[in-house]
Amino acid sequence: MQLNRQINLLLIEDETYDVNRIRKTLAPFSQWLIIKNVVADGQSAIELITNHENEYDVIIMDYQIVGPLTGEKLIRKIKSIDPFIQIIVITKMTINITDFEFANKLIEAGAMWFCTKYPSDIQDYVYQPTDLLLSILNAYEKKRLSQEKVKSNIQLNQSINNILNNKKIIGESAVVKNLIKQIEKAAAKDATVLIYGASGTGKELVATHIHYLSKRKYENFVTVNAGSIPSELIESELFGFEKGSFTGAINSKKGLFEVANNGTIFLDEIAELSMSSQVKLLRVLQDGEIDKIGRTGTLKVDVRIIAATNVDLEKAVSEKKFREDLFYRLNVINIYTPTLKERIEDIPLLTKYFIEKYSAQMDIAIPEIENDAIEILQSYEWPGNIRQLQNVIQRLLISCENIIKKEHVLSILDTNKVRNISEPEFWFGNKILKWREMECLFRRKYFTYVKERTKSESEAARLLGMAPSNFYRICNKLGIKDITKTQQPLSKR
């Protein structure tokens, strides 16, 4: 028998006769099994374990010993000090009975195994030697594997933290703080998520955070851009195929759902899926089964689906371009990613982050950026959102050296999309109004503005951060009619 190291034992036994029997039982294996210490009571054992951390691998203890700290109470105390240490219980209590309840109590308390002492007239052995040896070896192996698992999890968590640090959600605005709260709530659940928002707002970033904050974080996170895969290949990519299922299928291929099994799959541009692919996706959501091309039966998978779109799926449903039943299956948890225009107060932080990030990548000194340049960035409309800001920062770093000035920014941006921020402009002209009068005018204009750009009063209330009943009451008070029904959408004007 080969062992990589000796196994250190602590013996808790108050009868000298049984101590000697245990020593004799283990004597043939003394090269590997070392009884480091023998104590007669639970308190002495606790002091040894506390003062000699990692000294013992396995404890062999009698169930009934002197003192108040015995049995399950002692086992729990030992495990609270060192959760990795393994405990084998030797007792006379079960010599004439088979007590499953007693065994369960020991296991629940934290014991790894127990056995019944041989009768006292057997002087040379306390138990069958090879069985006791195997139990000690199993206990030691369990300790080693438990420690390796914890070490592995620490390394995995560190890797996950590195991923999240490299994919930070930057911002301190109210909309970003609300977004982070939504991500944390979604991560705590195992339901399907639908992320919607304009292109370049960070939908994949949100999906990444949801996965790596969830219980599936140690499993695969697979990203798929449905819009980038040709329609004739999408099903074989998502669901895979068997060897010989079609011309050219020389080998079987796992689909991305199989690759993501037990983990998460992120389906970006979900609206681009064909109707036939939507049917198969619906089956995954309903039954946890995939239809693999060329396979007669279905294949079970356990995958969390996070979908994203920049398309109005409700409108796509009404136009028969997207299945209604699939929409409802996907839209269990919905998260909106705000545009950069909705979070202009985050632009200084985002700019600083991207300057530092890309300066490091380009191996150049971090330049300063003037306040006037920041103001221009904040006054820009950003049709491409954060993705466009990243591109602008990269171009600025290439064209500028020590300092980024206002004129540098203007030379890169489309000046037609830069708002004039030199002085405030009011829709009521230069007349100075009383505060209450101006406040009422502003409320009416802003609430009208919000209602024009939302599909329903409940959505408008949600974006304003208020209850629908309060929103409806304020609209009535301001004399605002239900303009969402009477006016055309902005896109049709």
# chains A, B, ... in the order shown; residues from 1 in each chain; ligands from 1
$ select_by_dssp --residues "segment 128-373 of chain A" --states "strand (DSSP E)" --output "VMD selection string"
chain A and resid 193 to 196 221 to 225 240 to 241 253 to 254 264 to 268 289 to 290 299 to 300 304 to 309 333 to 336 368 to 369
$ write_last_selection --atoms "C-alpha atoms" --output "PDB file, in the first residue's frame"
ATOM      1  CA  VAL A 193     -34.516  37.020 -18.279  1.00  0.00           C
ATOM      2  CA  LEU A 194     -35.330  39.367 -21.164  1.00  0.00           C
ATOM      3  CA  ILE A 195     -32.998  42.350 -21.501  1.00  0.00           C
ATOM      4  CA  TYR A 196     -34.187  45.126 -23.774  1.00  0.00           C
ATOM      5  CA  PHE A 221     -21.719  30.956 -19.894  1.00  0.00           C
ATOM      6  CA  VAL A 222     -22.362  30.710 -23.642  1.00  0.00           C
ATOM      7  CA  THR A 223     -23.102  33.811 -25.720  1.00  0.00           C
ATOM      8  CA  VAL A 224     -24.878  33.601 -29.073  1.00  0.00           C
ATOM      9  CA  ASN A 225     -25.644  36.447 -31.459  1.00  0.00           C
ATOM     10  CA  GLY A 240     -26.427  20.335 -32.708  1.00  0.00           C
ATOM     11  CA  PHE A 241     -26.661  17.347 -35.036  1.00  0.00           C
ATOM     12  CA  LYS A 253     -21.693  18.050 -33.098  1.00  0.00           C
ATOM     13  CA  LYS A 254     -22.860  19.383 -29.757  1.00  0.00           C
ATOM     14  CA  THR A 264     -26.451  29.906 -18.872  1.00  0.00           C
ATOM     15  CA  ILE A 265     -26.953  30.731 -22.541  1.00  0.00           C
ATOM     16  CA  PHE A 266     -27.224  34.353 -23.639  1.00  0.00           C
ATOM     17  CA  LEU A 267     -29.227  34.794 -26.833  1.00  0.00           C
ATOM     18  CA  ASP A 268     -28.591  38.268 -28.214  1.00  0.00           C
ATOM     19  CA  GLU A 289     -35.609  19.334 -24.096  1.00  0.00           C
ATOM     20  CA  ILE A 290     -33.799  19.992 -27.373  1.00  0.00           C
ATOM     21  CA  LEU A 299     -32.250  15.426 -25.295  1.00  0.00           C
ATOM     22  CA  LYS A 300     -32.722  16.779 -21.769  1.00  0.00           C
ATOM     23  CA  ARG A 304     -30.930  29.167 -17.939  1.00  0.00           C
ATOM     24  CA  ILE A 305     -31.836  31.423 -20.859  1.00  0.00           C
ATOM     25  CA  ILE A 306     -31.076  35.136 -20.913  1.00  0.00           C
ATOM     26  CA  ALA A 307     -32.327  36.832 -24.082  1.00  0.00           C
ATOM     27  CA  ALA A 308     -31.730  40.352 -25.341  1.00  0.00           C
ATOM     28  CA  THR A 309     -33.218  42.556 -28.037  1.00  0.00           C
ATOM     29  CA  ILE A 333     -37.815  38.934 -15.575  1.00  0.00           C
ATOM     30  CA  ASN A 334     -37.326  41.986 -17.793  1.00  0.00           C
ATOM     31  CA  ILE A 335     -34.470  44.466 -17.475  1.00  0.00           C
ATOM     32  CA  TYR A 336     -34.095  47.724 -19.383  1.00  0.00           C
ATOM     33  CA  GLU A 368      -5.447  64.482 -18.856  1.00  0.00           C
ATOM     34  CA  ILE A 369      -8.824  65.588 -20.167  1.00  0.00           C
TER      35      ILE A 369
END
$ residues_around --residues "Glu108 of chain A" --least-positions-apart "3" --cutoff "12 Å" --atoms "only C-alpha atoms" --output "ChimeraX atom specification"
/A:71-73,75-76,79,101-105,111-113
$ atom_distance --atom1 "atom CA of Asn251 of chain A" --atom2 "atom CA of Phe239 of chain A"
14.6 Å
$ residues_around --residues "Val176 of chain A" --least-positions-apart "5" --cutoff "10 Å" --atoms "only C-alpha atoms" --output "PyMOL selection string"
chain A and resi 169-171+181-182+337-338+342-343+346
$ residues_around --residues "Ser277 of chain A" --least-positions-apart "4" --cutoff "8 Å" --atoms "only C-alpha atoms" --output "MDAnalysis selection string"
chainID A and resid 234:235 273 281
$ write_last_selection --atoms "C-alpha atoms" --output "tab-separated table (two decimals), in the first residue's frame"
chain	number	residue	atom	x	y	z
A	234	ILE	CA	-28.98	28.57	-36.60
A	235	GLU	CA	-30.69	25.31	-35.59
A	273	LEU	CA	-34.64	33.83	-34.79
A	281	LEU	CA	-36.56	27.30	-28.29
$ residues_around --residues "segment 25-32 of chain A" --least-positions-apart "6" --cutoff "9 Å" --atoms "only C-alpha atoms" --output "PDB file with N, CA and C atoms, in the first residue's frame"
ATOM      1  N   GLN A   2       0.572   2.201  -0.879  1.00  0.00           N
ATOM      2  CA  GLN A   2       1.362   3.405  -0.996  1.00  0.00           C
ATOM      3  C   GLN A   2       0.510   4.620  -0.576  1.00  0.00           C
ATOM      4  N   LEU A   3       1.061   5.426   0.326  1.00  0.00           N
ATOM      5  CA  LEU A   3       0.422   6.677   0.720  1.00  0.00           C
ATOM      6  C   LEU A   3       1.411   7.816   0.500  1.00  0.00           C
ATOM      7  N   ARG A   5       1.579  10.511   2.226  1.00  0.00           N
ATOM      8  CA  ARG A   5       2.015  11.051   3.511  1.00  0.00           C
ATOM      9  C   ARG A   5       1.375  10.251   4.633  1.00  0.00           C
ATOM     10  N   GLN A   6       1.894  10.453   5.842  1.00  0.00           N
ATOM     11  CA  GLN A   6       1.332   9.776   7.005  1.00  0.00           C
ATOM     12  C   GLN A   6      -0.006  10.419   7.392  1.00  0.00           C
ATOM     13  N   ILE A   7      -0.846   9.600   7.999  1.00  0.00           N
ATOM     14  CA  ILE A   7      -2.147  10.088   8.468  1.00  0.00           C
ATOM     15  C   ILE A   7      -2.073  10.242   9.980  1.00  0.00           C
ATOM     16  N   ASN A   8      -2.289  11.476  10.450  1.00  0.00           N
ATOM     17  CA  ASN A   8      -2.196  11.763  11.883  1.00  0.00           C
ATOM     18  C   ASN A   8      -3.554  11.594  12.559  1.00  0.00           C
ATOM     19  N   ASP A 124      -6.964  -8.342  21.538  1.00  0.00           N
ATOM     20  CA  ASP A 124      -6.010  -7.845  20.541  1.00  0.00           C
ATOM     21  C   ASP A 124      -6.611  -6.852  19.544  1.00  0.00           C
ATOM     22  N   TYR A 125      -7.947  -6.837  19.424  1.00  0.00           N
ATOM     23  CA  TYR A 125      -8.570  -5.957  18.435  1.00  0.00           C
ATOM     24  C   TYR A 125      -9.788  -5.260  19.036  1.00  0.00           C
ATOM     25  N   VAL A 126      -9.970  -4.004  18.643  1.00  0.00           N
ATOM     26  CA  VAL A 126     -11.193  -3.304  19.012  1.00  0.00           C
ATOM     27  C   VAL A 126     -12.238  -3.440  17.904  1.00  0.00           C
ATOM     28  N   TYR A 127     -11.754  -3.723  16.681  1.00  0.00           N
ATOM     29  CA  TYR A 127     -12.613  -3.906  15.526  1.00  0.00           C
ATOM     30  C   TYR A 127     -11.806  -4.613  14.453  1.00  0.00           C
ATOM     31  N   GLN A 128     -12.483  -5.102  13.406  1.00  0.00           N
ATOM     32  CA  GLN A 128     -11.791  -5.810  12.335  1.00  0.00           C
ATOM     33  C   GLN A 128     -10.721  -4.886  11.720  1.00  0.00           C
ATOM     34  N   PRO A 129      -9.441  -5.249  11.754  1.00  0.00           N
ATOM     35  CA  PRO A 129      -8.352  -4.334  11.405  1.00  0.00           C
ATOM     36  C   PRO A 129      -8.451  -3.727  10.004  1.00  0.00           C
ATOM     37  N   THR A 130      -8.680  -4.549   8.986  1.00  0.00           N
ATOM     38  CA  THR A 130      -8.693  -3.998   7.619  1.00  0.00           C
ATOM     39  C   THR A 130      -9.897  -3.084   7.393  1.00  0.00           C
ATOM     40  N   LEU A 132     -11.317  -1.184   9.703  1.00  0.00           N
ATOM     41  CA  LEU A 132     -10.989   0.074  10.378  1.00  0.00           C
ATOM     42  C   LEU A 132      -9.968   0.865   9.556  1.00  0.00           C
ATOM     43  N   LEU A 133      -8.993   0.144   8.993  1.00  0.00           N
ATOM     44  CA  LEU A 133      -7.987   0.806   8.147  1.00  0.00           C
ATOM     45  C   LEU A 133      -8.662   1.473   6.943  1.00  0.00           C
TER      46      LEU A 133
END
